[in-house]
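Next comes work01.cif, a file with mmCIF, C-alpha atoms.
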```
data_model
loop_
_atom_site.label_atom_id
_atom_site.label_comp_id
_atom_site.auth_asym_id
_atom_site.auth_seq_id
_atom_site.Cartn_x
_atom_site.Cartn_y
_atom_site.Cartn_z
CA MET V 489 98.48 101.30 99.47
CA LYS V 490 99.41 101.22 95.77
CA ILE V 491 97.42 98.46 94.09
CA GLY V 492 98.03 97.57 90.47
CA GLY V 493 95.92 94.50 89.87
CA LEU V 494 93.13 92.21 91.09
CA GLN V 495 92.52 88.61 90.15
CA LYS V 496 88.94 88.10 91.26
CA LEU V 497 89.09 84.32 91.61
CA THR V 498 91.91 81.82 92.05
CA LEU V 499 91.91 78.19 93.07
CA LEU V 500 95.71 77.95 92.91
CA ASP V 501 97.29 80.89 94.72
CA TYR V 502 96.07 80.06 98.23
CA PRO V 503 96.45 76.36 99.09
CA GLY V 504 93.09 74.83 99.96
CA LYS V 505 91.04 78.01 99.65
CA VAL V 506 88.90 79.82 97.11
CA ALA V 507 90.57 83.21 96.99
CA CYS V 508 91.29 86.39 95.13
CA THR V 509 94.71 87.93 94.55
CA VAL V 510 95.59 91.58 95.12
CA PHE V 511 98.74 92.84 93.37
CA THR V 512 100.70 95.71 94.91
CA VAL V 513 102.94 98.02 92.90
CA GLY V 514 106.69 98.33 93.35
CA CYS V 515 109.54 96.07 94.47
CA ASN V 516 112.97 96.55 96.00
CA PHE V 517 114.38 93.73 93.83
CA ARG V 518 114.90 93.57 90.07
CA CYS V 519 114.99 89.84 89.49
CA PRO V 520 115.78 89.26 85.79
CA PHE V 521 113.19 86.45 85.59
CA CYS V 522 110.35 88.33 87.32
CA HIS V 523 107.08 87.71 85.49
CA ASN V 524 105.45 90.84 86.96
CA ALA V 525 107.88 93.38 85.54
CA PRO V 526 105.24 96.11 84.97
CA LEU V 527 104.25 95.99 88.66
CA VAL V 528 107.89 96.01 89.76
CA GLU V 529 108.50 99.07 87.60
CA GLY V 530 105.51 100.93 89.04
CA LYS V 531 103.04 100.28 86.26
CA GLY V 532 99.69 98.50 86.16
CA GLU V 533 96.08 99.38 86.72
CA ASP V 534 95.14 101.76 89.50
CA TYR V 535 92.86 100.47 92.25
CA SER V 536 92.13 102.28 95.47
CA GLU V 537 92.01 100.36 98.75
CA GLU V 538 88.30 101.14 98.92
CA ASP V 539 87.79 99.59 95.46
CA ILE V 540 89.25 96.33 96.75
CA LEU V 541 87.46 96.46 100.10
CA GLN V 542 84.11 97.03 98.40
CA PHE V 543 84.77 94.03 96.17
CA LEU V 544 85.63 91.90 99.20
CA ARG V 545 82.50 92.95 101.08
CA LYS V 546 80.37 91.77 98.17
CA ARG V 547 82.20 88.43 97.79
CA ARG V 548 82.20 87.22 101.38
CA THR V 549 79.80 84.38 100.57
CA VAL V 550 82.02 83.16 97.72
CA LEU V 551 85.64 83.78 98.70
CA GLU V 552 87.52 82.35 101.68
CA GLY V 553 90.90 84.01 101.33
CA VAL V 554 92.87 86.96 100.01
CA CYS V 555 96.38 86.65 98.58
CA LEU V 556 98.47 89.81 98.88
CA THR V 557 101.30 89.76 96.37
CA GLY V 558 103.30 92.11 94.20
CA GLY V 559 105.76 93.44 93.50
CA GLU V 560 106.70 93.31 97.15
CA PRO V 561 103.70 93.93 99.43
CA LEU V 562 105.79 94.79 102.50
CA LEU V 563 107.06 97.90 100.72
CA GLN V 564 103.57 99.24 101.34
CA ARG V 565 103.75 100.85 104.77
CA ASP V 566 99.95 100.92 105.07
CA ALA V 567 99.61 97.20 104.32
CA GLU V 568 98.85 96.61 108.01
CA HIS V 569 95.83 98.92 107.92
CA PHE V 570 94.55 97.26 104.75
CA LEU V 571 94.94 93.78 106.20
CA ARG V 572 93.11 94.76 109.38
CA GLU V 573 90.13 95.66 107.21
CA VAL V 574 90.40 92.38 105.32
CA LYS V 575 90.67 90.27 108.47
CA ALA V 576 87.70 92.10 110.02
CA MET V 577 85.59 90.67 107.19
CA GLY V 578 86.62 87.15 108.18
CA TYR V 579 89.02 86.40 105.34
CA ALA V 580 92.13 84.27 105.65
CA VAL V 581 95.19 86.10 104.32
CA LYS V 582 98.16 84.72 102.41
CA LEU V 583 101.19 86.98 102.00
CA ASP V 584 103.76 86.58 99.22
CA THR V 585 107.07 88.20 100.13
CA ASN V 586 110.74 88.24 99.20
CA GLY V 587 111.73 88.33 102.86
CA ALA V 588 113.57 91.65 102.72
CA PHE V 589 111.49 93.20 105.52
CA PRO V 590 111.65 90.78 108.47
CA ASP V 591 110.41 93.25 111.09
CA ARG V 592 107.26 94.03 109.09
CA LEU V 593 106.72 90.34 108.38
CA GLN V 594 107.01 89.44 112.05
CA ARG V 595 104.71 92.26 113.13
CA LEU V 596 101.95 91.17 110.73
CA ALA V 597 102.25 87.62 112.03
CA GLU V 598 102.23 88.68 115.67
CA GLU V 599 99.18 90.88 115.04
CA LYS V 600 97.49 87.83 113.46
CA LEU V 601 96.94 89.70 110.20
CA ILE V 602 98.41 86.93 108.05
CA ASP V 603 97.61 83.23 108.11
CA TYR V 604 100.04 81.86 105.52
CA VAL V 605 103.32 83.15 104.07
CA ALA V 606 104.94 82.17 100.79
CA MET V 607 108.53 83.43 100.83
CA ASP V 608 110.59 83.52 97.67
CA VAL V 609 114.13 82.27 98.19
CA LYS V 610 115.87 83.54 95.10
CA ASN V 611 119.08 81.52 95.28
CA ARG V 612 121.84 80.41 97.63
CA LYS V 613 123.20 83.32 99.64
CA GLN V 614 126.40 83.65 97.61
CA SER V 615 124.39 84.10 94.36
CA TYR V 616 121.68 86.41 95.69
CA ASP V 617 122.78 89.72 94.18
CA VAL V 618 122.96 88.29 90.66
CA THR V 619 119.53 86.73 91.04
CA THR V 620 117.82 89.77 92.57
CA GLY V 621 119.51 92.28 90.26
CA VAL V 622 120.42 94.54 93.20
CA LYS V 623 122.75 94.66 96.19
CA THR V 624 120.77 92.59 98.71
CA ASP V 625 120.71 92.86 102.48
CA ILE V 626 121.09 89.11 102.87
CA ALA V 627 121.06 89.38 106.66
CA ALA V 628 117.49 90.70 106.50
CA VAL V 629 116.45 87.85 104.21
CA GLU V 630 118.09 85.38 106.61
CA ARG V 631 116.08 86.80 109.49
CA SER V 632 112.85 86.20 107.59
CA VAL V 633 113.92 82.61 106.85
CA GLN V 634 114.66 81.98 110.52
CA PHE V 635 111.39 83.55 111.64
CA LEU V 636 109.37 81.35 109.31
CA LYS V 637 111.31 78.25 110.30
CA SER V 638 110.26 78.94 113.90
CA GLY V 639 106.74 77.93 112.88
CA PHE V 640 105.02 81.00 114.33
CA VAL V 641 102.91 81.27 111.17
CA ASP V 642 102.14 78.68 108.49
CA TYR V 643 104.42 79.05 105.49
CA GLU V 644 106.22 77.70 102.48
CA PHE V 645 109.48 78.55 100.79
CA ARG V 646 109.59 78.68 97.02
CA THR V 647 112.28 79.12 94.39
CA THR V 648 111.70 79.91 90.73
CA VAL V 649 114.34 77.88 88.91
CA THR V 650 115.91 79.10 85.68
CA GLY V 651 118.48 77.51 83.42
CA SER V 652 120.70 80.58 83.24
CA LEU V 653 120.76 81.74 86.88
CA HIS V 654 120.63 78.49 88.87
CA THR V 655 123.03 75.55 89.09
CA ALA V 656 123.23 72.32 91.06
CA GLN V 657 125.68 74.08 93.38
CA ASP V 658 123.09 76.79 93.96
CA MET V 659 120.45 74.20 94.77
CA THR V 660 122.72 72.55 97.33
CA GLY V 661 123.34 75.95 98.92
CA ILE V 662 119.60 76.62 99.12
CA GLY V 663 119.05 73.24 100.72
CA GLU V 664 121.74 73.80 103.34
CA TRP V 665 120.24 77.21 104.13
CA LEU V 666 116.64 76.02 104.43
CA LYS V 667 117.44 72.69 106.10
CA GLY V 668 114.72 71.70 108.55
CA GLY V 669 112.11 73.98 106.98
CA LYS V 670 108.52 72.92 106.40
CA VAL V 671 108.53 72.70 102.59
CA LEU V 672 110.21 74.14 99.51
CA TYR V 673 108.45 74.43 96.18
CA LEU V 674 110.58 74.56 93.04
CA GLN V 675 108.69 76.55 90.45
CA LYS V 676 109.44 76.12 86.78
CA PHE V 677 110.41 79.42 85.15
CA VAL V 678 108.09 80.38 82.31
CA ASN V 679 108.68 83.42 80.13
CA SER V 680 105.58 85.58 80.60
CA GLY V 681 106.62 87.95 77.82
CA SER V 682 107.07 90.85 80.23
CA LEU V 683 110.35 89.96 81.91
CA ILE V 684 112.90 92.42 83.23
CA ASP V 685 115.58 90.51 81.26
CA GLN V 686 114.40 88.66 78.16
CA SER V 687 117.65 86.68 77.96
CA VAL V 688 116.75 84.45 80.92
CA THR V 689 116.32 80.81 79.95
CA GLY V 690 114.27 78.03 81.46
CA CYS V 691 115.31 74.85 83.23
CA ASP V 692 114.87 71.42 81.67
CA ASP V 693 112.11 69.40 83.35
CA ASP V 694 114.37 66.43 84.10
CA VAL V 695 117.00 68.73 85.60
CA LEU V 696 114.31 70.29 87.78
CA ARG V 697 113.20 66.85 88.96
CA GLY V 698 116.83 66.06 89.77
CA TYR V 699 117.08 69.22 91.87
CA ARG V 700 113.89 68.18 93.68
CA ASP V 701 115.32 64.77 94.48
CA MET V 702 118.59 66.26 95.70
CA LEU V 703 116.87 68.80 97.95
CA GLN V 704 114.78 66.14 99.68
CA ALA V 705 117.85 65.44 101.83
CA PHE V 706 117.42 68.89 103.39
CA LEU V 707 113.66 69.50 103.55
CA PRO V 708 110.46 68.29 101.84
CA THR V 709 110.61 69.58 98.25
CA ARG V 710 107.87 69.65 95.63
CA LEU V 711 107.48 70.91 92.08
CA ARG V 712 105.20 73.49 90.55
CA GLY V 713 104.72 73.89 86.83
CA ILE V 714 105.52 70.26 85.96
CA ASP V 715 104.42 66.86 87.26
CA ASP V 716 105.98 66.18 90.67
#
```

Could the structure of this file be written out as structure tokens, please?
Amino acid sequence: MKIGGLQKLTLLDYPGKVACTVFTVGCNFRCPFCHNAPLVEGKGEDYSEEDILQFLRKRRTVLEGVCLTGGEPLLQRDAEHFLREVKAMGYAVKLDTNGAFPDRLQRLAEEKLIDYVAMDVKNRKQSYDVTTGVKTDIAAVERSVQFLKSGFVDYEFRTTVTGSLHTAQDMTGIGEWLKGGKVLYLQKFVNSGSLIDQSVTGCDDDVLRGYRDMLQAFLPTRLRGIDD
């Protein structure tokens, strides 16, 4: 597995757990607002799986969970082997994914190798290609949405909201798509300085709150990055 980063301690990435975050390299999307552009483009530090596993063995008395993020972790065909090693140590696992690989997502859940999934919903279906920067297999993303909505594994949906790529019409479309889901988090876009497209603009806080209020008609919706 190609690993490009390790955050040794986080109290935010895994709800309710003291965790670390492992960053995989590479992504099938090119979202203009992505804040991990170096990882998406195949850059970053170089960690071996054994480096990470050794770290996890030493931290078992401190950490409760491992967040596997990217890039897109499900691009890594040996992610299953890595997660088996992690679960054997007793860690809970949170997976961040863009939902483009529903069969791999479902297999990891059925094998009980993931405990929590955070799936990025980039936009309403009609606006997906512009928001991902590539031609998207929206049917695959839809399958991941439906699988998570089944409740087989604990999950959340999340959408990073920009000013330049998201509109009220888009938010309504997202709500109609995710209707009946467990929860959607709207994340405020922040320019990390290493974006794929530096022209992307942020969303006004009051506009974001308005989107939150509107989406409540479809599913529970909360904010990240500003006061809810």

| request: Using all atoms listed in the file, collect all residues at a distance of at most 10 Å from (111.6, 69.2, 88.4) as written in the file, then present them as a list in words. | output: Val649, Tyr673, Leu674, Gln675, Lys676, Cys691, Asp692, Asp693, Asp694, Val695, Leu696, Arg697, Gly698, Tyr699, Arg700, Asp701, Thr709, Arg710, Leu711, Arg712, Gly713, Ile714, Asp715 and Asp716 of chain V

| Which distance in Å separates atom CA of Arg631 of chain V and atom CA of Gly663 of chain V, to one decimal? |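 Computing the Euclidean distance for atom CA of Arg631 of chain V and atom CA of Gly663 of chain V yields 16.4 Å.
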
Any idea what's packed within 10 Å of Phe640 of chain V, counting all atoms listed in the file, ignoring anything in its chain fewer than 3 positions away? Could you give it as a CSV table (one decimal) with C-alpha atoms, keeping the file's coordinate frame?
```csv
chain,number,residue,atom,x,y,z
V,594,GLN,CA,107.0,89.4,112.0
V,597,ALA,CA,102.2,87.6,112.0
V,598,GLU,CA,102.2,88.7,115.7
V,603,ASP,CA,97.6,83.2,108.1
V,635,PHE,CA,111.4,83.6,111.6
V,636,LEU,CA,109.4,81.4,109.3
V,637,LYS,CA,111.3,78.2,110.3
V,643,TYR,CA,104.4,79.0,105.5
```

| query | Any chance you could work out the residue set of the PyMOL selection byres ((chain V and resi 526) around 12) here, as number ranges by chain? | reply | V: 492-493, 511-515, 518, 522-525, 527-533, 558-559, 680-684

How would the residues just chosen look if you wrote them out with C-alpha atoms as a tab-separated table (two decimals), in the coordinates of the input?
```
chain	number	residue	atom	x	y	z
V	492	GLY	CA	98.03	97.57	90.47
V	493	GLY	CA	95.92	94.50	89.87
V	511	PHE	CA	98.74	92.84	93.37
V	512	THR	CA	100.70	95.71	94.91
V	513	VAL	CA	102.94	98.02	92.90
V	514	GLY	CA	106.69	98.33	93.35
V	515	CYS	CA	109.54	96.07	94.47
V	518	ARG	CA	114.90	93.57	90.07
V	522	CYS	CA	110.35	88.33	87.32
V	523	HIS	CA	107.08	87.71	85.49
V	524	ASN	CA	105.45	90.84	86.96
V	525	ALA	CA	107.88	93.38	85.54
V	527	LEU	CA	104.25	95.99	88.66
V	528	VAL	CA	107.89	96.01	89.76
V	529	GLU	CA	108.50	99.07	87.60
V	530	GLY	CA	105.51	100.93	89.04
V	531	LYS	CA	103.04	100.28	86.26
V	532	GLY	CA	99.69	98.50	86.16
V	533	GLU	CA	96.08	99.38	86.72
V	558	GLY	CA	103.30	92.11	94.20
V	559	GLY	CA	105.76	93.44	93.50
V	680	SER	CA	105.58	85.58	80.60
V	681	GLY	CA	106.62	87.95	77.82
V	682	SER	CA	107.07	90.85	80.23
V	683	LEU	CA	110.35	89.96	81.91
V	684	ILE	CA	112.90	92.42	83.23
```

Evaluate the PyMOL selection byres ((chain V and resi 604) around 12) here and jot the selected residues down as a PDB file with C-alpha atoms, in the frame of the given file.
```pdb
ATOM      1  CA  ASP V 501      97.290  80.890  94.720  1.00  0.00           C
ATOM      2  CA  TYR V 502      96.070  80.060  98.230  1.00  0.00           C
ATOM      3  CA  PRO V 503      96.450  76.360  99.090  1.00  0.00           C
ATOM      4  CA  GLY V 504      93.090  74.830  99.960  1.00  0.00           C
ATOM      5  CA  LYS V 505      91.040  78.010  99.650  1.00  0.00           C
ATOM      6  CA  GLY V 553      90.900  84.010 101.330  1.00  0.00           C
ATOM      7  CA  VAL V 554      92.870  86.960 100.010  1.00  0.00           C
ATOM      8  CA  CYS V 555      96.380  86.650  98.580  1.00  0.00           C
ATOM      9  CA  LEU V 556      98.470  89.810  98.880  1.00  0.00           C
ATOM     10  CA  TYR V 579      89.020  86.400 105.340  1.00  0.00           C
ATOM     11  CA  ALA V 580      92.130  84.270 105.650  1.00  0.00           C
ATOM     12  CA  VAL V 581      95.190  86.100 104.320  1.00  0.00           C
ATOM     13  CA  LYS V 582      98.160  84.720 102.410  1.00  0.00           C
ATOM     14  CA  LEU V 583     101.190  86.980 102.000  1.00  0.00           C
ATOM     15  CA  ASP V 584     103.760  86.580  99.220  1.00  0.00           C
ATOM     16  CA  THR V 585     107.070  88.200 100.130  1.00  0.00           C
ATOM     17  CA  LEU V 593     106.720  90.340 108.380  1.00  0.00           C
ATOM     18  CA  LEU V 596     101.950  91.170 110.730  1.00  0.00           C
ATOM     19  CA  ALA V 597     102.250  87.620 112.030  1.00  0.00           C
ATOM     20  CA  LYS V 600      97.490  87.830 113.460  1.00  0.00           C
ATOM     21  CA  LEU V 601      96.940  89.700 110.200  1.00  0.00           C
ATOM     22  CA  ILE V 602      98.410  86.930 108.050  1.00  0.00           C
ATOM     23  CA  ASP V 603      97.610  83.230 108.110  1.00  0.00           C
ATOM     24  CA  VAL V 605     103.320  83.150 104.070  1.00  0.00           C
ATOM     25  CA  ALA V 606     104.940  82.170 100.790  1.00  0.00           C
ATOM     26  CA  MET V 607     108.530  83.430 100.830  1.00  0.00           C
ATOM     27  CA  LEU V 636     109.370  81.350 109.310  1.00  0.00           C
ATOM     28  CA  GLY V 639     106.740  77.930 112.880  1.00  0.00           C
ATOM     29  CA  PHE V 640     105.020  81.000 114.330  1.00  0.00           C
ATOM     30  CA  VAL V 641     102.910  81.270 111.170  1.00  0.00           C
ATOM     31  CA  ASP V 642     102.140  78.680 108.490  1.00  0.00           C
ATOM     32  CA  TYR V 643     104.420  79.050 105.490  1.00  0.00           C
ATOM     33  CA  GLU V 644     106.220  77.700 102.480  1.00  0.00           C
ATOM     34  CA  PHE V 645     109.480  78.550 100.790  1.00  0.00           C
TER      35      PHE V 645
END
```

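With all atoms listed in the file as the atoms that count, the minimum distance from Ala576 of chain V to the choices V:Ala588, V:Leu544, V:Ala627, V:Leu562 is reached by V:Leu544.
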
| said: Translate the PyMOL selection byres ((chain V and resi 610) around 8) into a concrete residue list for this structure, as a PyMOL selection string. | reply: chain V and resi 608-609+611-612+616+619-620+647-648

| message | Given all atoms listed in the file as the basis, pick out the residue of V:Gln614, V:Ser638, V:Gln542, V:Asn679 nearest to His654 of chain V. | response |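 Closest candidate: V:Gln614.
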
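Closest approach to Asp625 of chain V among V:Gln564, V:Gln495, V:Ser687, V:Asn516: V:Asn516, based on only C-alpha atoms.
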
Just need the box for segment 625-636 of chain V, edges along x, y and z, holding every atom the file lists for it with 3 Å tacked onto each side, so centre and edge lengths in Å to one decimal, as lines of an AutoDock Vina configuration file.
```
center_x = 115.2
center_y = 87.1
center_z = 107.1
size_x = 17.7
size_y = 17.5
size_z = 15.2
```

| said: Nearest residue to Val688 of chain V out of V:Val506, V:Ile626, V:Cys519, V:Met659, using all atoms listed in the file? | reply: V:Cys519

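The space separating atom CA of Glu537 of chain V from atom CA of Leu563 of chain V comes to 15.4 Å.
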
| field | Counting only C-alpha atoms, the residue of V:Glu568, V:Asp539, V:Asp617, V:Glu630 that sits nearest Gly587 of chain V | value |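 Result for the nearest residue to Gly587 of chain V: V:Glu630.
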
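The gap separating atom CA of Val618 of chain V from atom CA of Val671 of chain V is 24.4 Å, in Å to one decimal.
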
| remark: For Met577 of chain V, the closest of V:Asp658, V:Glu599, V:Asp534, V:Glu552 counting all atoms listed in the file is V:Glu552
